[in-house]
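*Asks:* The following block contains the structure, expressed as structure tokens.
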Amino acid sequence: MSKYLVTGAAGFIGFHVARRLLERGDQVVGLDNVNDYYLVKLKRDRLARLQENDRFSFTEIDLVDHTALESTCASHEFNAVIHLAAQAGVRYSLENPSAYVNSNLVGFANILELSRKHQIAHLVFASSSSVYGANRRMPFSIRDNVDHPLSLYAATKKSNELMAHTYSHLFGLPTTGLRFFTVYGPWGRPDMAVFKFTKAILAGQPIDVYNHGQMRRDFTYIDDIVEGVLRVAETIPAPNPEWNAEQPDPSSSFAPYRVYNIGNNQPVELMHLIEVIEQAVGKPATKNMLPMQPGDVLETYADISDLERDVGFRPATPIEEGVERFVEWYREYFGV
């Protein structure tokens, strides 16, 4: 039995990762500030499910509070830290930038310090496909330059990768960043497209379709994300002996550091996604066609060849199957 620290345990991905760890017999210490960015009840209900297991313990804490973080974790010896806490959302970063600086930068710095002091064997942290920003060469490769973010959220995630590498270099802390591509599924976030569209269609309300539907996303089902996270957590990075400082590879290093994409490797047209949701719900959508929003990108598409090579896994859940599972959960949870 191993013990894991999972930050963001009340969040979408954190909840599913913690639940899978518990199901396989591990101990989990969960942290979350349970903020009101979206439905607090949904977060509390996720936690309630986890707290049914006596191998799960939870502390409500803001990672910005370094003293409280250190006090909470002082008595534990963790096999690994899986850092999934963050202020999420691209569009919200235009409205409340300080939330991203505090949670995603200060909070992450505190997690790095905690991992260093406790000599954690492996720190796995959530990055994002948003780091690719203005890049247009598809599929997005972890070897591409990602120096042109289009939102503050994306900039903080790129910063996390840089901060982690620094700790890997200076202190030998093994770190791995995971660039998630548009995650969806049961217990998902209400601000994400699959959730918003399902809610609106079932309620007979119009849906907002940005850039007139001319967008593609590499929608990735939550179970695939969790499988990737856990396999990566058990694959501790080592220095890459072939790393060349004259032609530096951004995905690896002379230090124990790695970056991977986790995406479905099958981008879906936004209009097709809507059709799939309409079919699963059994009702047509009324579409409110709108222009492109600041911070958005036209397309995401993950190159996952390195993930498949190093951990032997590639996401493969079809959008039709994943959406059907989500709609079933939504109907049950909200009594629709």
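Just remember, in the structure tokens the first chain shown is A, the second B, etc., residues are 1-based per chain, and ligands are 1-based in the order shown.
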Can you tell me which residues surround Ala255 of chain A at a distance of at most 6 Å, considering only C-alpha atoms, apart from same-chain residues fewer than 2 positions away, and format the answer as a PDB file with all heavy atoms, in the first residue's frame?

*Replies:*
ATOM      1  N   SER A 168      14.022  20.291 -10.443  1.00  0.00           N
ATOM      2  CA  SER A 168      14.651  19.041 -10.881  1.00  0.00           C
ATOM      3  C   SER A 168      16.156  19.233 -11.056  1.00  0.00           C
ATOM      4  O   SER A 168      16.953  18.365 -10.681  1.00  0.00           O
ATOM      5  CB  SER A 168      14.022  18.566 -12.191  1.00  0.00           C
ATOM      6  OG  SER A 168      12.669  18.224 -12.028  1.00  0.00           O
ATOM      7  N   HIS A 169      16.538  20.367 -11.606  1.00  0.00           N
ATOM      8  CA  HIS A 169      17.960  20.666 -11.827  1.00  0.00           C
ATOM      9  C   HIS A 169      18.690  20.955 -10.521  1.00  0.00           C
ATOM     10  O   HIS A 169      19.750  20.385 -10.247  1.00  0.00           O
ATOM     11  CB  HIS A 169      18.086  21.865 -12.772  1.00  0.00           C
ATOM     12  CG  HIS A 169      19.426  22.520 -12.748  1.00  0.00           C
ATOM     13  ND1 HIS A 169      20.593  21.845 -13.049  1.00  0.00           N
ATOM     14  CD2 HIS A 169      19.792  23.788 -12.432  1.00  0.00           C
ATOM     15  CE1 HIS A 169      21.627  22.678 -12.933  1.00  0.00           C
ATOM     16  NE2 HIS A 169      21.156  23.851 -12.546  1.00  0.00           N
ATOM     17  N   PRO A 239      17.408  11.531 -15.697  1.00  0.00           N
ATOM     18  CA  PRO A 239      18.055  12.412 -16.682  1.00  0.00           C
ATOM     19  C   PRO A 239      18.182  11.726 -18.037  1.00  0.00           C
ATOM     20  O   PRO A 239      18.439  10.517 -18.118  1.00  0.00           O
ATOM     21  CB  PRO A 239      19.430  12.675 -16.056  1.00  0.00           C
ATOM     22  CG  PRO A 239      19.230  12.476 -14.582  1.00  0.00           C
ATOM     23  CD  PRO A 239      18.209  11.378 -14.469  1.00  0.00           C
ATOM     24  N   SER A 253      15.313  16.410 -20.244  1.00  0.00           N
ATOM     25  CA  SER A 253      16.361  17.261 -19.703  1.00  0.00           C
ATOM     26  C   SER A 253      17.556  16.438 -19.254  1.00  0.00           C
ATOM     27  O   SER A 253      17.486  15.212 -19.148  1.00  0.00           O
ATOM     28  CB  SER A 253      15.816  18.054 -18.507  1.00  0.00           C
ATOM     29  OG  SER A 253      16.815  18.801 -17.872  1.00  0.00           O
ATOM     30  N   TYR A 257      13.376  15.132 -15.336  1.00  0.00           N
ATOM     31  CA  TYR A 257      12.224  15.967 -15.693  1.00  0.00           C
ATOM     32  C   TYR A 257      11.634  15.479 -16.999  1.00  0.00           C
ATOM     33  O   TYR A 257      12.362  15.145 -17.944  1.00  0.00           O
ATOM     34  CB  TYR A 257      12.686  17.415 -15.824  1.00  0.00           C
ATOM     35  CG  TYR A 257      11.684  18.372 -16.435  1.00  0.00           C
ATOM     36  CD1 TYR A 257      10.713  18.981 -15.656  1.00  0.00           C
ATOM     37  CD2 TYR A 257      11.726  18.682 -17.799  1.00  0.00           C
ATOM     38  CE1 TYR A 257       9.813  19.881 -16.211  1.00  0.00           C
ATOM     39  CE2 TYR A 257      10.823  19.573 -18.363  1.00  0.00           C
ATOM     40  CZ  TYR A 257       9.872  20.167 -17.568  1.00  0.00           C
ATOM     41  OH  TYR A 257       8.969  21.047 -18.116  1.00  0.00           O
TER      42      TYR A 257
END

*Asks:* May I have all residues of segment 196-324 of chain A that DSSP, computed from the backbone, assigns to strand (DSSP E), given as a list in words?

*Replies:*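 Taking segment 196-324 of chain A and keeping strand (DSSP E) only, one gets Ile207, Asp208, Val209, Arg216, Arg217, Thr220, Tyr221, Tyr257, Arg258, Val259, Tyr260, Asn261, Ile262, Val268, Glu269, Lys287, Asn288 and Met289 of chain A.
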
*Asks:* In Å, with one decimal, what is the gap from atom CA of Asn135 of chain A to atom CA of Met271 of chain A?

*Replies:*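 Those two atoms sit 22.6 Å apart.
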
*Asks:* Identify, on the basis of only C-alpha atoms, every residue whose closest approach to segment 282-290 of chain A does not exceed 7 Å; exclude the query and any residue fewer than 2 positions from it along the same chain; express the result as a PyMOL selection string.

*Replies:* chain A and resi 201+205-212+278-280+292

*Asks:* Once DSSP has gone over the backbone, tell me which residues of segment 137-293 of chain A are in alpha helix (DSSP H), as a PyMOL selection string.

*Replies:* chain A and resi 152-171+193-202+222-233+270-281

*Asks:* Could you tell me which of A:Val28, A:Val40, A:Arg136, A:His76 comes closest to Asn53 of chain A if we count only C-alpha atoms?

*Replies:*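 Between A:Val28, A:Val40, A:Arg136, A:His76, the residue approaching Asn53 of chain A most closely is A:Val28.
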
*Asks:* Name the residues in contact with Glu113 of chain A at a cut-off of 12 Å, using only C-alpha atoms, excluding same-chain residues fewer than 3 positions from it; report them as a list in words.

*Replies:* Leu63, Val64, His66, Thr67, Leu69, Glu70, Val81, Val106, Gly107, Phe108, Ala109, Asn110, Arg116, Lys117, His118, Gln119, Ile120, Leu123, Met163, Ala164, Thr166, Tyr167, Ser168, Leu170, Phe171 and Leu173 of chain A

*Asks:* Given the choices A:Leu307, A:Gly228, A:Gly185, A:Phe254, which gets closest to Ile319 of chain A if the distance is worked out from only C-alpha atoms?

*Replies:* A:Gly185

*Asks:* Taking only C-alpha atoms into account, name the residue in A:Tyr37, A:Phe58, A:Ala9, A:Thr198 that is nearest to Glu324 of chain A.

*Replies:*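 With only C-alpha atoms as the atom set, the closest residue is A:Thr198.
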
*Asks:* Go through A:His83, A:Arg309, A:Lys43, A:Arg91 one by one, measure the shortest atom-to-atom distance of each to Asp191 of chain A using only C-alpha atoms, and give the residue with the smallest value.

*Replies:*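 Closest residue, counting only C-alpha atoms: A:Arg91.
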
*Asks:* Using only C-alpha atoms, which protein or nucleic acid residues come within 10 Å of Pro267 of chain A? Drop anything in the same chain fewer than 6 positions from it, and give the result as a ChimeraX atom specification.

*Replies:* /A:139,181,215-220,299-302,319

*Asks:* Would you write out those residues with N, CA, C and O atoms, as an mmCIF file, in the first residue's frame?

*Replies:*
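Saved as again19.cif:
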data_model
loop_
_atom_site.group_PDB
_atom_site.id
_atom_site.type_symbol
_atom_site.label_atom_id
_atom_site.label_comp_id
_atom_site.auth_asym_id
_atom_site.auth_seq_id
_atom_site.Cartn_x
_atom_site.Cartn_y
_atom_site.Cartn_z
ATOM 1 N N PRO A 139 -0.073 17.461 -35.237
ATOM 2 C CA PRO A 139 -0.546 17.566 -33.859
ATOM 3 C C PRO A 139 0.469 18.284 -32.975
ATOM 4 O O PRO A 139 1.655 18.348 -33.311
ATOM 5 N N PHE A 181 -5.661 17.502 -22.383
ATOM 6 C CA PHE A 181 -6.416 18.032 -23.519
ATOM 7 C C PHE A 181 -7.916 17.867 -23.258
ATOM 8 O O PHE A 181 -8.439 16.754 -23.270
ATOM 9 N N MET A 215 -14.294 25.209 -34.748
ATOM 10 C CA MET A 215 -13.248 24.877 -33.786
ATOM 11 C C MET A 215 -13.165 23.362 -33.643
ATOM 12 O O MET A 215 -14.148 22.660 -33.882
ATOM 13 N N ARG A 216 -11.991 22.882 -33.257
ATOM 14 C CA ARG A 216 -11.815 21.446 -33.010
ATOM 15 C C ARG A 216 -11.077 21.272 -31.683
ATOM 16 O O ARG A 216 -10.153 22.014 -31.374
ATOM 17 N N ARG A 217 -11.496 20.272 -30.931
ATOM 18 C CA ARG A 217 -10.867 19.982 -29.651
ATOM 19 C C ARG A 217 -10.571 18.488 -29.533
ATOM 20 O O ARG A 217 -11.329 17.648 -30.009
ATOM 21 N N ASP A 218 -9.465 18.188 -28.865
ATOM 22 C CA ASP A 218 -9.065 16.807 -28.627
ATOM 23 C C ASP A 218 -9.702 16.356 -27.306
ATOM 24 O O ASP A 218 -9.041 16.254 -26.277
ATOM 25 N N PHE A 219 -11.025 16.133 -27.331
ATOM 26 C CA PHE A 219 -11.767 15.770 -26.120
ATOM 27 C C PHE A 219 -11.260 14.433 -25.573
ATOM 28 O O PHE A 219 -11.193 13.440 -26.297
ATOM 29 N N THR A 220 -10.926 14.429 -24.265
ATOM 30 C CA THR A 220 -10.315 13.251 -23.652
ATOM 31 C C THR A 220 -11.144 12.803 -22.457
ATOM 32 O O THR A 220 -11.370 13.580 -21.525
ATOM 33 N N GLU A 299 -7.873 25.113 -32.508
ATOM 34 C CA GLU A 299 -7.787 23.654 -32.576
ATOM 35 C C GLU A 299 -6.789 23.134 -31.558
ATOM 36 O O GLU A 299 -5.774 23.778 -31.277
ATOM 37 N N THR A 300 -7.079 21.975 -30.983
ATOM 38 C CA THR A 300 -6.096 21.239 -30.192
ATOM 39 C C THR A 300 -6.045 19.805 -30.692
ATOM 40 O O THR A 300 -7.067 19.242 -31.085
ATOM 41 N N TYR A 301 -4.848 19.242 -30.680
ATOM 42 C CA TYR A 301 -4.629 17.903 -31.240
ATOM 43 C C TYR A 301 -3.315 17.399 -30.657
ATOM 44 O O TYR A 301 -2.255 17.947 -30.923
ATOM 45 N N ALA A 302 -3.387 16.358 -29.848
ATOM 46 C CA ALA A 302 -2.229 15.893 -29.087
ATOM 47 C C ALA A 302 -1.440 14.813 -29.817
ATOM 48 O O ALA A 302 -2.002 13.813 -30.273
ATOM 49 N N ILE A 319 -15.704 9.651 -28.580
ATOM 50 C CA ILE A 319 -16.523 10.744 -28.052
ATOM 51 C C ILE A 319 -17.965 10.296 -27.838
ATOM 52 O O ILE A 319 -18.618 10.704 -26.866
#

*Asks:* Using only C-alpha atoms, determine which residues lie at most 7 Å from Leu84 of chain A, disregarding the query and same-chain residues fewer than 4 positions distant; provide the list as a list in words.

*Replies:*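 Result of the neighbour search: Val6, Thr7, Gly8, Gly14, Phe125 and Ala126 of chain A.
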
*Asks:* Measure the distance from atom CA of Asp310 of chain A to atom CA of His148 of chain A in Å and round it to one decimal.

*Replies:* 27.6 Å

*Asks:* Quick one: residues within 7 Å of Val259 of chain A, only C-alpha atoms, excluding same-chain residues fewer than 4 positions away - as a ChimeraX atom specification?

*Replies:* /A:142,176-178,251-252

*Asks:* Please produce an output containing all heavy atoms for each residue in the selection, written as a short mmCIF file (atom, residue, chain, number, x, y, z; two decimals), in the first residue's frame.

*Replies:*
data_model
loop_
_atom_site.label_atom_id
_atom_site.label_comp_id
_atom_site.auth_asym_id
_atom_site.auth_seq_id
_atom_site.Cartn_x
_atom_site.Cartn_y
_atom_site.Cartn_z
N ILE A 142 5.28 17.69 -27.80
CA ILE A 142 5.97 18.15 -26.61
C ILE A 142 7.36 18.67 -26.93
O ILE A 142 8.00 19.28 -26.06
CB ILE A 142 6.06 17.02 -25.55
CG1 ILE A 142 6.71 15.77 -26.15
CG2 ILE A 142 4.69 16.72 -24.98
CD1 ILE A 142 6.92 14.66 -25.14
N THR A 176 7.25 15.50 -13.32
CA THR A 176 6.64 15.23 -14.62
C THR A 176 5.41 16.10 -14.78
O THR A 176 4.52 16.09 -13.92
CB THR A 176 6.22 13.75 -14.77
OG1 THR A 176 7.36 12.91 -14.59
CG2 THR A 176 5.63 13.50 -16.16
N GLY A 177 5.37 16.86 -15.88
CA GLY A 177 4.21 17.69 -16.19
C GLY A 177 3.34 17.02 -17.24
O GLY A 177 3.84 16.45 -18.21
N LEU A 178 2.02 17.08 -17.04
CA LEU A 178 1.07 16.44 -17.94
C LEU A 178 0.18 17.50 -18.58
O LEU A 178 -0.55 18.21 -17.89
CB LEU A 178 0.21 15.44 -17.17
CG LEU A 178 0.98 14.31 -16.49
CD1 LEU A 178 0.05 13.43 -15.68
CD2 LEU A 178 1.75 13.49 -17.51
N SER A 251 10.96 18.56 -23.94
CA SER A 251 10.18 17.52 -23.25
C SER A 251 10.98 16.72 -22.24
O SER A 251 10.39 15.98 -21.44
CB SER A 251 9.59 16.56 -24.29
OG SER A 251 10.61 15.78 -24.89
N SER A 252 12.32 16.84 -22.25
CA SER A 252 13.15 16.10 -21.32
C SER A 252 14.32 17.00 -20.91
O SER A 252 14.32 18.19 -21.21
CB SER A 252 13.65 14.79 -21.94
OG SER A 252 14.52 15.04 -23.02
#

*Asks:* Work out how far apart atom CA of Thr72 of chain A and atom CA of Asn35 of chain A are and give it in Å to one decimal.

*Replies:* 18.7 Å

*Asks:* Closest to Ile274 of chain A among A:Lys196, A:Lys41, A:Arg143, A:Arg231, using only C-alpha atoms?

*Replies:*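 Checking each candidate against Ile274 of chain A, we get A:Lys196 as the closest.
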
*Asks:* Using only C-alpha atoms, pick whichever of A:Pro250, A:Phe180, A:Ala200, A:Pro291 has the shortest atom-to-atom distance to Asp147 of chain A.

*Replies:*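 Comparing A:Pro250, A:Phe180, A:Ala200, A:Pro291 against Asp147 of chain A, the winner is A:Pro250.
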